[in-house]
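Listing of my_file.cif; format and content: mmCIF, C-alpha atoms.
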data_data
#
loop_
_atom_site.label_atom_id
_atom_site.label_comp_id
_atom_site.auth_asym_id
_atom_site.auth_seq_id
_atom_site.Cartn_x
_atom_site.Cartn_y
_atom_site.Cartn_z
CA MET X 54 -31.01 22.17 -24.81
CA SER X 55 -27.39 21.16 -24.73
CA SER X 56 -25.74 22.81 -21.83
CA ILE X 57 -22.00 23.15 -22.10
CA GLY X 58 -20.64 22.72 -18.62
CA THR X 59 -17.05 23.60 -19.51
CA GLY X 60 -15.46 22.23 -16.43
CA TYR X 61 -18.16 23.10 -13.88
CA ASP X 62 -20.10 19.96 -14.49
CA LEU X 63 -17.65 17.35 -13.34
CA SER X 64 -18.85 17.02 -9.76
CA ALA X 65 -21.86 17.81 -7.66
CA SER X 66 -19.76 19.79 -5.24
CA GLN X 67 -19.21 22.59 -7.77
CA PHE X 68 -21.37 25.53 -8.72
CA SER X 69 -21.20 27.01 -12.20
CA PRO X 70 -20.62 30.75 -12.51
CA ASP X 71 -24.32 31.29 -13.15
CA GLY X 72 -25.29 29.45 -10.00
CA ARG X 73 -26.29 26.02 -11.32
CA VAL X 74 -25.23 22.59 -10.19
CA PHE X 75 -24.92 20.82 -13.51
CA GLN X 76 -24.71 17.29 -12.12
CA VAL X 77 -28.18 17.68 -10.65
CA GLU X 78 -29.51 19.00 -13.96
CA TYR X 79 -27.98 16.06 -15.81
CA ALA X 80 -29.67 13.74 -13.32
CA GLN X 81 -32.99 15.33 -14.22
CA LYS X 82 -32.24 14.57 -17.85
CA ALA X 83 -31.94 10.89 -17.01
CA ILE X 84 -35.57 10.88 -15.91
CA GLU X 85 -36.81 12.64 -19.00
CA ASN X 86 -35.71 9.65 -21.03
CA SER X 87 -37.56 7.07 -18.98
CA GLY X 88 -41.09 5.77 -19.26
CA THR X 89 -43.87 8.09 -18.13
CA ALA X 90 -45.39 7.86 -14.67
CA ILE X 91 -48.33 9.91 -13.48
CA GLY X 92 -50.03 10.46 -10.16
CA LEU X 93 -53.51 11.86 -9.60
CA ARG X 94 -54.95 12.84 -6.24
CA GLY X 95 -58.71 12.78 -5.88
CA LYS X 96 -60.98 13.37 -2.96
CA ASN X 97 -60.78 9.87 -1.54
CA GLY X 98 -57.43 8.53 -2.68
CA VAL X 99 -54.44 8.64 -4.99
CA VAL X 100 -54.09 6.90 -8.37
CA PHE X 101 -50.76 6.04 -10.00
CA ALA X 102 -50.33 4.97 -13.60
CA MET X 103 -47.13 3.85 -15.31
CA GLU X 104 -46.21 3.39 -18.91
CA LYS X 105 -45.12 -0.17 -19.39
CA LEU X 106 -42.09 -0.29 -21.70
CA VAL X 107 -41.85 -3.90 -22.81
CA THR X 108 -38.25 -4.12 -23.99
CA SER X 109 -38.13 -7.89 -24.36
CA LYS X 110 -40.58 -10.77 -24.59
CA LEU X 111 -38.20 -12.86 -22.55
CA TYR X 112 -38.93 -10.99 -19.32
CA GLU X 113 -40.91 -12.71 -16.61
CA PRO X 114 -44.28 -11.14 -15.97
CA GLY X 115 -43.89 -8.48 -13.31
CA ALA X 116 -40.35 -7.59 -14.34
CA ASN X 117 -39.46 -3.95 -14.59
CA ARG X 118 -42.16 -2.95 -12.13
CA ARG X 119 -41.92 0.71 -11.20
CA LEU X 120 -44.56 0.89 -8.52
CA PHE X 121 -43.59 0.03 -4.94
CA GLY X 122 -45.32 -0.27 -1.60
CA ILE X 123 -43.51 1.59 1.17
CA ASP X 124 -45.76 0.71 4.07
CA ARG X 125 -49.33 -0.46 4.36
CA HIS X 126 -50.56 3.03 3.66
CA ILE X 127 -47.98 4.51 1.24
CA GLY X 128 -47.21 3.80 -2.40
CA MET X 129 -44.32 5.07 -4.51
CA ALA X 130 -44.02 5.45 -8.27
CA VAL X 131 -40.57 6.03 -9.77
CA GLY X 132 -39.09 7.32 -12.98
CA GLY X 133 -35.48 7.31 -14.15
CA LEU X 134 -32.69 4.91 -13.27
CA LEU X 135 -34.37 1.91 -11.70
CA ALA X 136 -31.38 0.82 -9.62
CA ASP X 137 -31.16 4.26 -8.02
CA ALA X 138 -34.87 4.17 -7.39
CA ARG X 139 -34.69 0.82 -5.62
CA GLN X 140 -32.29 2.30 -3.11
CA ILE X 141 -34.71 5.13 -2.39
CA VAL X 142 -37.50 2.61 -1.93
CA GLU X 143 -35.40 0.69 0.58
CA THR X 144 -34.51 3.86 2.49
CA SER X 145 -38.15 4.94 2.58
CA ARG X 146 -39.20 1.54 3.89
CA LYS X 147 -36.61 1.70 6.65
CA GLU X 148 -37.65 5.22 7.63
CA SER X 149 -41.28 4.22 7.75
CA SER X 150 -40.50 1.15 9.80
CA ASN X 151 -38.34 3.09 12.25
CA TYR X 152 -41.08 5.63 12.73
CA ARG X 153 -43.55 2.89 13.50
CA ALA X 154 -41.19 1.33 16.05
CA GLU X 155 -40.56 4.65 17.73
CA TYR X 156 -44.02 6.23 17.67
CA GLY X 157 -46.37 3.30 17.35
CA GLY X 158 -48.29 4.53 14.29
CA ASP X 159 -48.36 5.12 10.53
CA VAL X 160 -45.76 7.61 9.41
CA PRO X 161 -47.41 10.82 8.12
CA LEU X 162 -46.58 11.21 4.41
CA ARG X 163 -45.33 14.76 4.82
CA TYR X 164 -42.81 13.65 7.41
CA LEU X 165 -41.60 10.69 5.34
CA THR X 166 -41.27 12.83 2.22
CA ASP X 167 -39.23 15.37 4.15
CA ARG X 168 -36.87 12.66 5.40
CA VAL X 169 -36.48 10.96 2.00
CA ALA X 170 -35.95 14.31 0.26
CA GLY X 171 -33.24 15.14 2.77
CA TYR X 172 -31.57 11.83 1.96
CA ILE X 173 -31.74 12.46 -1.79
CA HIS X 174 -30.46 16.01 -1.30
CA ALA X 175 -27.44 14.76 0.64
CA TYR X 176 -26.18 13.05 -2.52
CA THR X 177 -26.05 16.41 -4.31
CA LEU X 178 -23.55 17.87 -1.89
CA TYR X 179 -20.41 15.79 -2.36
CA SER X 180 -18.03 15.04 -5.18
CA ALA X 181 -17.48 11.49 -3.97
CA VAL X 182 -21.01 10.45 -4.96
CA ARG X 183 -23.38 11.27 -7.78
CA PRO X 184 -26.99 12.47 -7.40
CA PHE X 185 -29.82 9.96 -7.77
CA GLY X 186 -30.95 9.67 -11.36
CA CYS X 187 -34.60 9.24 -10.50
CA ALA X 188 -37.66 11.11 -9.36
CA VAL X 189 -40.26 9.55 -7.08
CA ILE X 190 -43.94 10.21 -6.51
CA LEU X 191 -45.29 9.27 -3.09
CA GLY X 192 -48.97 8.88 -2.34
CA SER X 193 -51.00 8.00 0.73
CA GLN X 194 -54.50 7.94 2.10
CA GLU X 195 -54.32 9.40 5.59
CA PRO X 196 -56.95 10.13 8.23
CA THR X 197 -56.78 13.78 7.18
CA GLY X 198 -57.31 12.90 3.51
CA PRO X 199 -55.25 11.77 0.52
CA SER X 200 -51.86 13.34 -0.11
CA MET X 201 -49.26 13.12 -2.86
CA TYR X 202 -45.71 14.46 -3.14
CA MET X 203 -43.05 14.34 -5.82
CA ILE X 204 -39.32 14.47 -5.08
CA ASP X 205 -36.85 15.28 -7.86
CA PRO X 206 -33.11 14.52 -7.90
CA SER X 207 -32.22 17.85 -6.35
CA GLY X 208 -34.10 16.90 -3.19
CA VAL X 209 -36.85 19.45 -3.76
CA TYR X 210 -40.39 18.26 -3.14
CA TYR X 211 -43.86 19.71 -3.56
CA GLY X 212 -47.34 18.48 -2.82
CA TYR X 213 -49.39 17.90 -5.94
CA LYS X 214 -52.93 17.31 -7.07
CA GLY X 215 -51.57 15.88 -10.30
CA CYS X 216 -48.00 15.27 -11.44
CA ALA X 217 -46.08 13.48 -14.16
CA ILE X 218 -42.51 12.40 -14.81
CA GLY X 219 -40.79 10.85 -17.80
CA LYS X 220 -40.97 11.08 -21.59
CA ALA X 221 -44.53 12.28 -22.02
CA LYS X 222 -44.77 14.42 -18.92
CA GLN X 223 -45.60 17.62 -20.75
CA ALA X 224 -48.47 16.04 -22.64
CA ALA X 225 -49.74 14.37 -19.46
CA LYS X 226 -49.63 17.64 -17.53
CA THR X 227 -51.60 19.40 -20.22
CA GLU X 228 -54.31 16.77 -19.95
CA MET X 229 -54.30 16.97 -16.17
CA GLU X 230 -54.88 20.67 -16.10
CA LYS X 231 -58.30 20.04 -17.57
CA LEU X 232 -59.39 17.90 -14.62
CA GLU X 233 -61.18 19.08 -11.51
CA PHE X 234 -59.37 16.91 -8.95
CA SER X 235 -61.09 17.86 -5.76
CA ASN X 236 -64.40 16.50 -7.00
CA MET X 237 -63.28 13.23 -8.49
CA ASN X 238 -63.14 9.92 -6.72
CA ILE X 239 -60.51 7.31 -7.46
CA ARG X 240 -62.68 5.21 -9.78
CA GLU X 241 -63.13 8.20 -12.11
CA LEU X 242 -59.42 8.99 -11.86
CA VAL X 243 -58.39 5.49 -12.84
CA LYS X 244 -60.33 5.93 -16.10
CA GLU X 245 -58.69 9.33 -16.69
CA ALA X 246 -55.25 7.91 -15.98
CA ALA X 247 -55.78 5.11 -18.48
CA LYS X 248 -56.80 7.60 -21.12
CA MET X 249 -53.65 9.59 -20.58
CA MET W 35 -37.01 13.89 47.65
CA MET W 36 -39.04 11.16 46.09
CA MET W 37 -42.41 9.61 45.83
CA GLY W 38 -40.79 6.31 46.71
CA SER W 39 -37.19 6.45 47.88
CA ASN W 40 -34.78 4.88 45.45
CA LEU W 41 -31.93 4.79 47.88
CA ASP W 42 -30.98 1.11 47.74
CA LEU W 43 -27.39 1.70 46.66
CA TYR W 44 -26.97 4.57 49.09
CA SER W 45 -28.46 2.66 51.99
CA GLN W 46 -26.05 -0.22 51.55
CA HIS W 47 -23.19 2.25 51.42
CA ASN W 48 -24.34 3.75 54.68
CA LYS W 49 -24.79 0.44 56.46
CA SER W 50 -21.38 -0.87 55.55
CA LYS W 51 -19.27 2.25 55.94
CA VAL W 52 -20.89 4.52 58.44
CA SER W 53 -22.99 2.20 60.59
CA GLY W 54 -20.40 1.68 63.35
CA GLY W 55 -22.51 2.85 66.25
CA MET W 56 -23.91 6.04 64.55
CA ASN W 57 -27.62 6.73 64.79
CA LEU W 58 -28.74 7.80 61.31
CA PRO W 59 -32.31 8.97 60.49
CA ASP W 60 -34.46 6.21 59.09
CA TRP W 61 -34.90 7.81 55.70
CA VAL W 62 -31.21 7.36 54.92
CA SER W 63 -31.38 3.58 54.99
CA GLU W 64 -35.08 3.13 54.33
CA LYS W 65 -35.98 0.52 51.76
CA HIS W 66 -37.40 1.60 48.44
CA MET W 67 -41.17 2.10 48.44
CA THR W 68 -43.50 3.08 45.63
CA GLY W 69 -45.63 5.48 47.57
CA THR W 70 -48.51 6.82 45.51
CA SER W 71 -52.06 6.24 44.37
CA ILE W 72 -52.77 7.10 40.75
CA MET W 73 -55.73 6.40 38.49
CA ALA W 74 -57.02 7.19 35.04
CA ILE W 75 -60.38 6.52 33.40
CA GLU W 76 -61.73 6.95 29.88
CA PHE W 77 -65.17 8.39 29.15
CA ASP W 78 -66.91 9.37 25.95
CA GLY W 79 -65.17 12.56 24.93
CA GLY W 80 -61.99 12.38 27.01
CA VAL W 81 -60.15 11.06 30.04
CA VAL W 82 -59.89 11.83 33.75
CA LEU W 83 -56.53 11.46 35.49
CA GLY W 84 -56.20 11.47 39.26
CA ALA W 85 -53.44 11.22 41.86
CA ASP W 86 -52.81 11.77 45.56
CA THR W 87 -50.35 14.47 46.62
CA ARG W 88 -48.02 12.77 49.09
CA SER W 89 -44.33 12.52 48.26
CA THR W 90 -42.28 10.51 50.78
CA THR W 91 -38.69 9.79 51.68
CA GLY W 92 -39.10 6.81 53.99
CA ALA W 93 -41.45 7.91 56.76
CA TYR W 94 -40.90 11.60 56.11
CA VAL W 95 -43.47 13.36 53.95
CA ALA W 96 -41.23 15.43 51.74
CA ASN W 97 -44.11 17.18 49.94
CA ARG W 98 -47.78 16.98 51.02
CA VAL W 99 -49.15 18.84 47.99
CA ALA W 100 -47.09 17.27 45.22
CA ASP W 101 -48.35 17.37 41.63
CA LYS W 102 -48.03 13.93 40.11
CA LEU W 103 -50.03 14.78 36.99
CA THR W 104 -47.46 16.03 34.52
CA LYS W 105 -48.06 17.68 31.19
CA ILE W 106 -46.49 16.02 28.16
CA THR W 107 -48.30 18.02 25.49
CA ASP W 108 -51.39 20.24 25.55
CA LYS W 109 -53.76 17.28 25.48
CA ILE W 110 -51.57 14.47 26.85
CA TYR W 111 -50.75 14.12 30.53
CA CYS W 112 -49.19 11.36 32.62
CA CYS W 113 -49.60 10.10 36.17
CA ARG W 114 -46.25 9.32 37.76
CA SER W 115 -45.52 6.67 40.40
CA GLY W 116 -42.24 5.22 41.59
CA SER W 117 -39.06 7.22 41.86
CA ALA W 118 -39.81 10.93 41.48
CA ALA W 119 -36.41 11.58 39.92
CA ASP W 120 -36.75 8.81 37.36
CA THR W 121 -40.28 9.71 36.32
CA GLN W 122 -39.55 13.43 36.06
CA ALA W 123 -36.50 12.76 33.93
CA ILE W 124 -38.43 10.46 31.60
CA ALA W 125 -41.35 12.87 31.34
CA ASP W 126 -38.95 15.64 30.32
CA ILE W 127 -37.41 13.50 27.59
CA VAL W 128 -40.80 12.41 26.27
CA ASN W 129 -41.96 16.02 26.24
CA TYR W 130 -38.91 16.95 24.17
CA HIS W 131 -39.51 14.13 21.69
CA LEU W 132 -43.15 15.00 21.21
CA GLU W 133 -42.60 18.72 20.76
CA PHE W 134 -40.10 17.89 18.04
CA HIS W 135 -42.55 15.45 16.52
CA GLU W 136 -45.31 18.04 16.55
CA VAL W 137 -43.17 20.55 14.67
CA GLN W 138 -41.95 18.00 12.14
CA THR W 139 -45.29 16.41 11.33
CA GLY W 140 -47.45 19.49 11.76
CA VAL W 141 -50.17 17.58 13.62
CA ASP W 142 -51.01 17.15 17.28
CA PRO W 143 -49.15 14.09 18.53
CA PRO W 144 -51.35 11.02 19.05
CA VAL W 145 -51.63 9.70 22.62
CA LYS W 146 -50.32 6.36 21.39
CA SER W 147 -47.10 7.98 20.16
CA ALA W 148 -46.49 9.50 23.59
CA ALA W 149 -47.12 6.13 25.21
CA VAL W 150 -44.80 4.29 22.82
CA VAL W 151 -42.00 6.80 23.44
CA PHE W 152 -42.51 6.36 27.20
CA LYS W 153 -42.42 2.60 26.80
CA GLY W 154 -39.23 2.77 24.73
CA LEU W 155 -37.44 4.56 27.55
CA CYS W 156 -38.96 2.56 30.40
CA TYR W 157 -38.13 -0.74 28.72
CA GLN W 158 -34.63 0.15 27.62
CA TYR W 159 -33.64 1.39 31.08
CA ARG W 160 -35.79 -1.03 33.05
CA ASP W 161 -32.87 -2.26 35.17
CA GLN W 162 -31.82 1.21 36.26
CA MET W 163 -35.19 2.73 36.89
CA SER W 164 -38.29 2.45 38.96
CA ALA W 165 -41.18 4.04 37.14
CA GLY W 166 -44.86 3.15 36.83
CA ILE W 167 -46.67 5.55 34.52
CA LEU W 168 -50.20 6.10 33.24
CA VAL W 169 -50.25 8.04 29.96
CA ALA W 170 -53.64 9.54 29.19
CA GLY W 171 -54.94 12.15 26.82
CA TRP W 172 -57.17 13.09 23.92
CA ASP W 173 -56.45 13.16 20.20
CA LYS W 174 -58.62 13.62 17.15
CA GLN W 175 -58.18 10.13 15.69
CA LEU W 176 -59.17 7.96 18.63
CA GLY W 177 -60.57 10.35 21.24
CA GLY W 178 -59.73 9.69 24.88
CA GLN W 179 -57.17 6.95 25.54
CA ILE W 180 -55.23 5.57 28.49
CA TYR W 181 -52.02 3.57 28.21
CA SER W 182 -50.65 1.87 31.29
CA ILE W 183 -46.87 1.40 31.52
CA PRO W 184 -46.00 -0.47 34.73
CA ILE W 185 -42.48 -1.19 36.00
CA GLY W 186 -40.59 -3.22 33.43
CA GLY W 187 -41.86 -1.32 30.43
CA MET W 188 -44.94 -3.21 29.24
CA ILE W 189 -47.58 -1.13 27.46
CA ASN W 190 -51.29 -1.83 27.60
CA ARG W 191 -54.31 0.23 26.60
CA GLN W 192 -57.10 0.19 29.17
CA LYS W 193 -60.37 1.99 29.80
CA VAL W 194 -59.62 2.31 33.49
CA SER W 195 -56.25 1.87 35.15
CA ILE W 196 -54.78 2.24 38.63
CA GLY W 197 -51.18 2.37 39.85
CA GLY W 198 -48.83 3.06 42.74
CA SER W 199 -48.61 1.39 46.14
CA GLY W 200 -52.08 2.58 47.14
CA SER W 201 -53.68 0.89 44.16
CA SER W 202 -53.43 -2.56 45.76
CA TYR W 203 -56.15 -1.56 48.21
CA ILE W 204 -58.69 -0.43 45.63
CA TYR W 205 -58.63 -3.18 42.99
CA GLY W 206 -61.80 -4.67 44.47
CA PHE W 207 -63.54 -1.31 44.61
CA VAL W 208 -62.67 -0.43 41.02
CA ASP W 209 -63.56 -3.88 39.67
CA SER W 210 -66.95 -3.83 41.33
CA GLN W 211 -67.92 -0.18 40.87
CA TYR W 212 -66.68 0.54 37.34
CA LYS W 213 -69.38 1.01 34.72
CA ASP W 214 -69.00 1.60 30.98
CA ASN W 215 -70.14 4.90 29.47
CA MET W 216 -69.95 7.10 32.53
CA THR W 217 -70.22 10.84 32.02
CA LEU W 218 -67.42 13.32 32.76
CA GLU W 219 -68.73 14.15 36.22
CA GLU W 220 -69.45 10.51 37.10
CA SER W 221 -65.92 9.57 36.05
CA ALA W 222 -64.36 12.40 38.08
CA ASP W 223 -66.42 11.35 41.09
CA PHE W 224 -65.42 7.70 40.66
CA VAL W 225 -61.72 8.61 40.57
CA THR W 226 -62.04 10.85 43.62
CA ARG W 227 -63.79 8.16 45.65
CA ALA W 228 -61.34 5.44 44.61
CA LEU W 229 -58.31 7.56 45.47
CA SER W 230 -59.84 8.60 48.80
CA LEU W 231 -60.16 4.94 49.75
CA ALA W 232 -56.55 4.28 48.70
CA ILE W 233 -55.36 7.25 50.72
CA MET W 234 -57.22 5.94 53.76
CA ARG W 235 -55.43 2.60 53.69
CA ASP W 236 -51.99 3.32 52.21
CA GLY W 237 -49.50 5.11 54.45
CA SER W 238 -47.48 6.30 51.49
CA SER W 239 -50.48 8.03 49.92
CA GLY W 240 -52.21 11.06 51.35
CA GLY W 241 -52.84 14.76 51.24
CA CYS W 242 -55.28 15.94 48.59
CA VAL W 243 -56.58 14.51 45.33
CA ARG W 244 -55.59 16.21 42.11
CA LEU W 245 -57.62 15.67 38.94
CA ALA W 246 -56.90 16.52 35.31
CA ILE W 247 -59.82 16.25 32.90
CA ILE W 248 -58.77 16.22 29.23
CA THR W 249 -61.25 16.70 26.39
CA GLU W 250 -61.27 18.24 22.94
CA ALA W 251 -61.75 21.62 24.61
CA GLY W 252 -58.55 21.33 26.63
CA VAL W 253 -57.49 20.45 30.15
CA GLU W 254 -59.33 21.22 33.39
CA ARG W 255 -57.35 20.86 36.62
CA ARG W 256 -59.11 20.29 39.94
CA LEU W 257 -57.83 20.08 43.47
CA ILE W 258 -59.94 18.41 46.13
CA THR W 259 -58.38 19.24 49.50
CA GLY W 260 -58.15 16.62 52.23
CA ASP W 261 -61.05 17.98 54.24
CA LYS W 262 -63.37 17.82 51.23
CA LEU W 263 -62.61 14.22 50.28
CA PRO W 264 -65.58 11.81 50.39
CA LYS W 265 -65.86 10.05 53.71
CA PHE W 266 -66.27 6.32 54.16
CA TYR W 267 -66.53 3.95 57.10
CA GLU W 268 -63.77 4.84 59.52
CA GLY W 269 -64.64 2.57 62.44
#

Take the structure in the file and give it back as structure tokens.
Amino acid sequence: MSSIGTGYDLSASQFSPDGRVFQVEYAQKAIENSGTAIGLRGKNGVVFAMEKLVTSKLYEPGANRRLFGIDRHIGMAVGGLLADARQIVETSRKESSNYRAEYGGDVPLRYLTDRVAGYIHAYTLYSAVRPFGCAVILGSQEPTGPSMYMIDPSGVYYGYKGCAIGKAKQAAKTEMEKLEFSNMNIRELVKEAAKM
Amino acid sequence: MMMGSNLDLYSQHNKSKVSGGMNLPDWVSEKHMTGTSIMAIEFDGGVVLGADTRSTTGAYVANRVADKLTKITDKIYCCRSGSAADTQAIADIVNYHLEFHEVQTGVDPPVKSAAVVFKGLCYQYRDQMSAGILVAGWDKQLGGQIYSIPIGGMINRQKVSIGGSGSSYIYGFVDSQYKDNMTLEESADFVTRALSLAIMRDGSSGGCVRLAIITEAGVERRLITGDKLPKFYEG
């Protein structure tokens, strides 16, 4: 789909006549061209799997890693522009750390996701900055059970049982719909993720 | 009106400017005293908080039925000792923070979070305030918990904790009579007896004993009036 912005796509502070913010949509395009990342939530944990795009044999092992630890209990998988994603990781780590200093405990994933999504959303409001060109999947094992959220460049987030971003996301989602997540433990999910 | 008068600045002002011959009531220039006896104890399934009900300004009993057990959230209460104004102000701020937290996270706030917020304020403003607080409550993760935050802003989790000026007189009693794994009623009785002894010996503590018993089911408040307090050797 090639959307012709005709002048309404030059900054994030402009709506198009049919109510779209083109800059945000273009940001979503950036992710569709990146390597696939999937997240699966089972009954006792969350499993992430990333497609490893080896662009050069000269890279050190561990280069181009797209999976990050936010706190002791939260992991984040990213897709899209890696530099943008690293900033989101840093912000999430600071938020989590601040929460711990203020309230003395692990930050609940829902709260962290809300804060990070608000941060990402802020970059879609002004013409002086561009939206983040990455989507992130956050997962955590909490006392109340495992939880997983995905935030896209518009700042919208949803809780998921299974989600995918990147090149092969459609194919991955189709496979996921066949799984019965609430009954599977993480060992089974790791095998499923590898198959995908 | 305070549980311990925090009038140091004011008293100096009075002595230097107005003293010339004038006979002012003692409570105007009375030195600061932390007049209270408070206690909290953990049992399997919850906590019991207790406090006396005397609020003093110097030698004057400003309120003989004060309530020093303040609600922070539905299942978290605190015992306040030190300056009444300081502790009330802090409790209000903590209450605000936790209500906000409850709405944002969608879960009941943990007792530890309440205690850490208290500590943050007590430590940051330690030079301007006089507040000794026992935070106690029940949450689903860890059950009944007590966090003691004495003057200065240290935080420490304890199974049994005492505070206020009257507490000095009952350290021996509590150390020797405390047992692990008491039931709800045994714990309530232990707190009542300990506070009665403190009231007997401390001039700044008196009146009745108020209890707050917090469990999964909620909070039960009890008032044991002065005439019904357990009696000990009186000479």

Sorted by chain and rising residue number, which residues of chain X lie within 8 Å of chain W, and what are their closest atom pairs and distances in Å to one decimal, counting all atoms listed in the file, as a Markdown table?
| residue | atom | partner | partner_atom | distance |
| --- | --- | --- | --- | --- |
| X:Glu155 | CA | W:Val151 | CA | 6.3 |
| X:Tyr156 | CA | W:Ser147 | CA | 4.3 |
| X:Gly157 | CA | W:Ser147 | CA | 5.5 |
| X:Gly158 | CA | W:Ser147 | CA | 6.9 |
| X:Pro161 | CA | W:Thr139 | CA | 6.8 |
| X:Arg163 | CA | W:Thr139 | CA | 6.7 |
| X:Tyr164 | CA | W:Thr139 | CA | 5.4 |
| X:Pro196 | CA | W:Gln175 | CA | 7.6 |

Keeping only C-alpha atoms, take the residues you just selected and write them out as a PDB file, in the frame of the given file.
ATOM      1  CA  GLU X 155     -40.560   4.650  17.730  1.00  0.00           C
ATOM      2  CA  TYR X 156     -44.020   6.230  17.670  1.00  0.00           C
ATOM      3  CA  GLY X 157     -46.370   3.300  17.350  1.00  0.00           C
ATOM      4  CA  GLY X 158     -48.290   4.530  14.290  1.00  0.00           C
ATOM      5  CA  PRO X 161     -47.410  10.820   8.120  1.00  0.00           C
ATOM      6  CA  ARG X 163     -45.330  14.760   4.820  1.00  0.00           C
ATOM      7  CA  TYR X 164     -42.810  13.650   7.410  1.00  0.00           C
ATOM      8  CA  PRO X 196     -56.950  10.130   8.230  1.00  0.00           C
TER       9      PRO X 196
END

key: Picked residues, the PyMOL selection byres ((chain X and resi 131-142) around 10), expected as a ChimeraX atom specification   = /X:80-91,103,117-123,128-130,143-148,169-170,172-173,184-191,203-206,217-220

Just say which residues the PyMOL selection byres ((chain W and resi 71) around 8) picks in this file, as a tab-separated table (two decimals) with C-alpha atoms, keeping the file's coordinate frame.
chain	number	residue	atom	x	y	z
W	69	GLY	CA	-45.63	5.48	47.57
W	70	THR	CA	-48.51	6.82	45.51
W	72	ILE	CA	-52.77	7.10	40.75
W	73	MET	CA	-55.73	6.40	38.49
W	85	ALA	CA	-53.44	11.22	41.86
W	86	ASP	CA	-52.81	11.77	45.56
W	115	SER	CA	-45.52	6.67	40.40
W	196	ILE	CA	-54.78	2.24	38.63
W	197	GLY	CA	-51.18	2.37	39.85
W	198	GLY	CA	-48.83	3.06	42.74
W	199	SER	CA	-48.61	1.39	46.14
W	200	GLY	CA	-52.08	2.58	47.14
W	201	SER	CA	-53.68	0.89	44.16
W	229	LEU	CA	-58.31	7.56	45.47
W	232	ALA	CA	-56.55	4.28	48.70
W	233	ILE	CA	-55.36	7.25	50.72
W	239	SER	CA	-50.48	8.03	49.92

task = Could you list the residues chosen by the PyMOL selection byres ((chain W and resi 92-103) around 6) in this structure as a PyMOL selection string?
result = chain W and resi 61+64+87-91+104+112-114+241

Keeping only C-alpha atoms, write the selected residues as a tab-separated table (two decimals), in the coordinates of the input.
chain	number	residue	atom	x	y	z
W	61	TRP	CA	-34.90	7.81	55.70
W	64	GLU	CA	-35.08	3.13	54.33
W	87	THR	CA	-50.35	14.47	46.62
W	88	ARG	CA	-48.02	12.77	49.09
W	89	SER	CA	-44.33	12.52	48.26
W	90	THR	CA	-42.28	10.51	50.78
W	91	THR	CA	-38.69	9.79	51.68
W	104	THR	CA	-47.46	16.03	34.52
W	112	CYS	CA	-49.19	11.36	32.62
W	113	CYS	CA	-49.60	10.10	36.17
W	114	ARG	CA	-46.25	9.32	37.76
W	241	GLY	CA	-52.84	14.76	51.24

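Going from atom CA of W:Lys265 to atom CA of W:Asp236 covers 15.5 Å.
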
note = Of X:Ser207, X:Glu195, X:Gly215, X:Asn97, the one nearest to X:Arg73 when counting all atoms listed in the file is X:Ser207

key: Residue with smallest distance to X:Val209 - pool X:Ser235, X:Thr166, X:Thr59, X:Gln67, counting all atoms listed in the file   = X:Thr166

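Across the structure, atom CA of W:Thr249 and atom CA of W:Val81 are spaced 6.8 Å apart.
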
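Take the candidates X:Ala224, X:Val160, X:Val77, X:Ala181 and check each one against X:Ser193 using only C-alpha atoms; the shortest distance goes to X:Val160.
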
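When atom CA of X:Thr197 is paired with atom CA of W:Val82, their separation reads 26.8 Å.
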
Spatial neighbours of X:Tyr179, max dist 7 Å, only C-alpha atoms, sep filter under 2 positions, as a PDB file with C-alpha atoms, in the coordinates of the input:
ATOM      1  CA  ALA X  65     -21.860  17.810  -7.660  1.00  0.00           C
ATOM      2  CA  SER X  66     -19.760  19.790  -5.240  1.00  0.00           C
ATOM      3  CA  TYR X 176     -26.180  13.050  -2.520  1.00  0.00           C
ATOM      4  CA  THR X 177     -26.050  16.410  -4.310  1.00  0.00           C
ATOM      5  CA  ALA X 181     -17.480  11.490  -3.970  1.00  0.00           C
ATOM      6  CA  VAL X 182     -21.010  10.450  -4.960  1.00  0.00           C
TER       7      VAL X 182
END

Which polymer residues have any atom within 8 Å of an atom of W:Ile248, counting all atoms listed in the file, with same-chain residues fewer than 4 positions away left out, as a PDB file with C-alpha atoms, keeping the file's coordinate frame?
ATOM      1  CA  GLY W  80     -61.990  12.380  27.010  1.00  0.00           C
ATOM      2  CA  VAL W  81     -60.150  11.060  30.040  1.00  0.00           C
ATOM      3  CA  VAL W  82     -59.890  11.830  33.750  1.00  0.00           C
ATOM      4  CA  LYS W 109     -53.760  17.280  25.480  1.00  0.00           C
ATOM      5  CA  ILE W 110     -51.570  14.470  26.850  1.00  0.00           C
ATOM      6  CA  GLY W 171     -54.940  12.150  26.820  1.00  0.00           C
ATOM      7  CA  TRP W 172     -57.170  13.090  23.920  1.00  0.00           C
ATOM      8  CA  GLY W 178     -59.730   9.690  24.880  1.00  0.00           C
ATOM      9  CA  GLY W 252     -58.550  21.330  26.630  1.00  0.00           C
ATOM     10  CA  VAL W 253     -57.490  20.450  30.150  1.00  0.00           C
ATOM     11  CA  GLU W 254     -59.330  21.220  33.390  1.00  0.00           C
TER      12      GLU W 254
END

key: Close residues, W:Arg160 itself excluded, 12 Å, all atoms listed in the file, min 2 positions apart in chain, as a count of residues only   = 20

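Shortest separation to W:Met216 among W:Met234, W:Ile167, W:Ile75, W:Leu58 occurs at residue W:Ile75, atoms counted being only C-alpha atoms.
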
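In terms of minimum interatomic distance to W:Leu168, W:Leu83 ranks closest within W:Leu231, W:Ala119, W:Ser202, W:Leu83, counting only C-alpha atoms.
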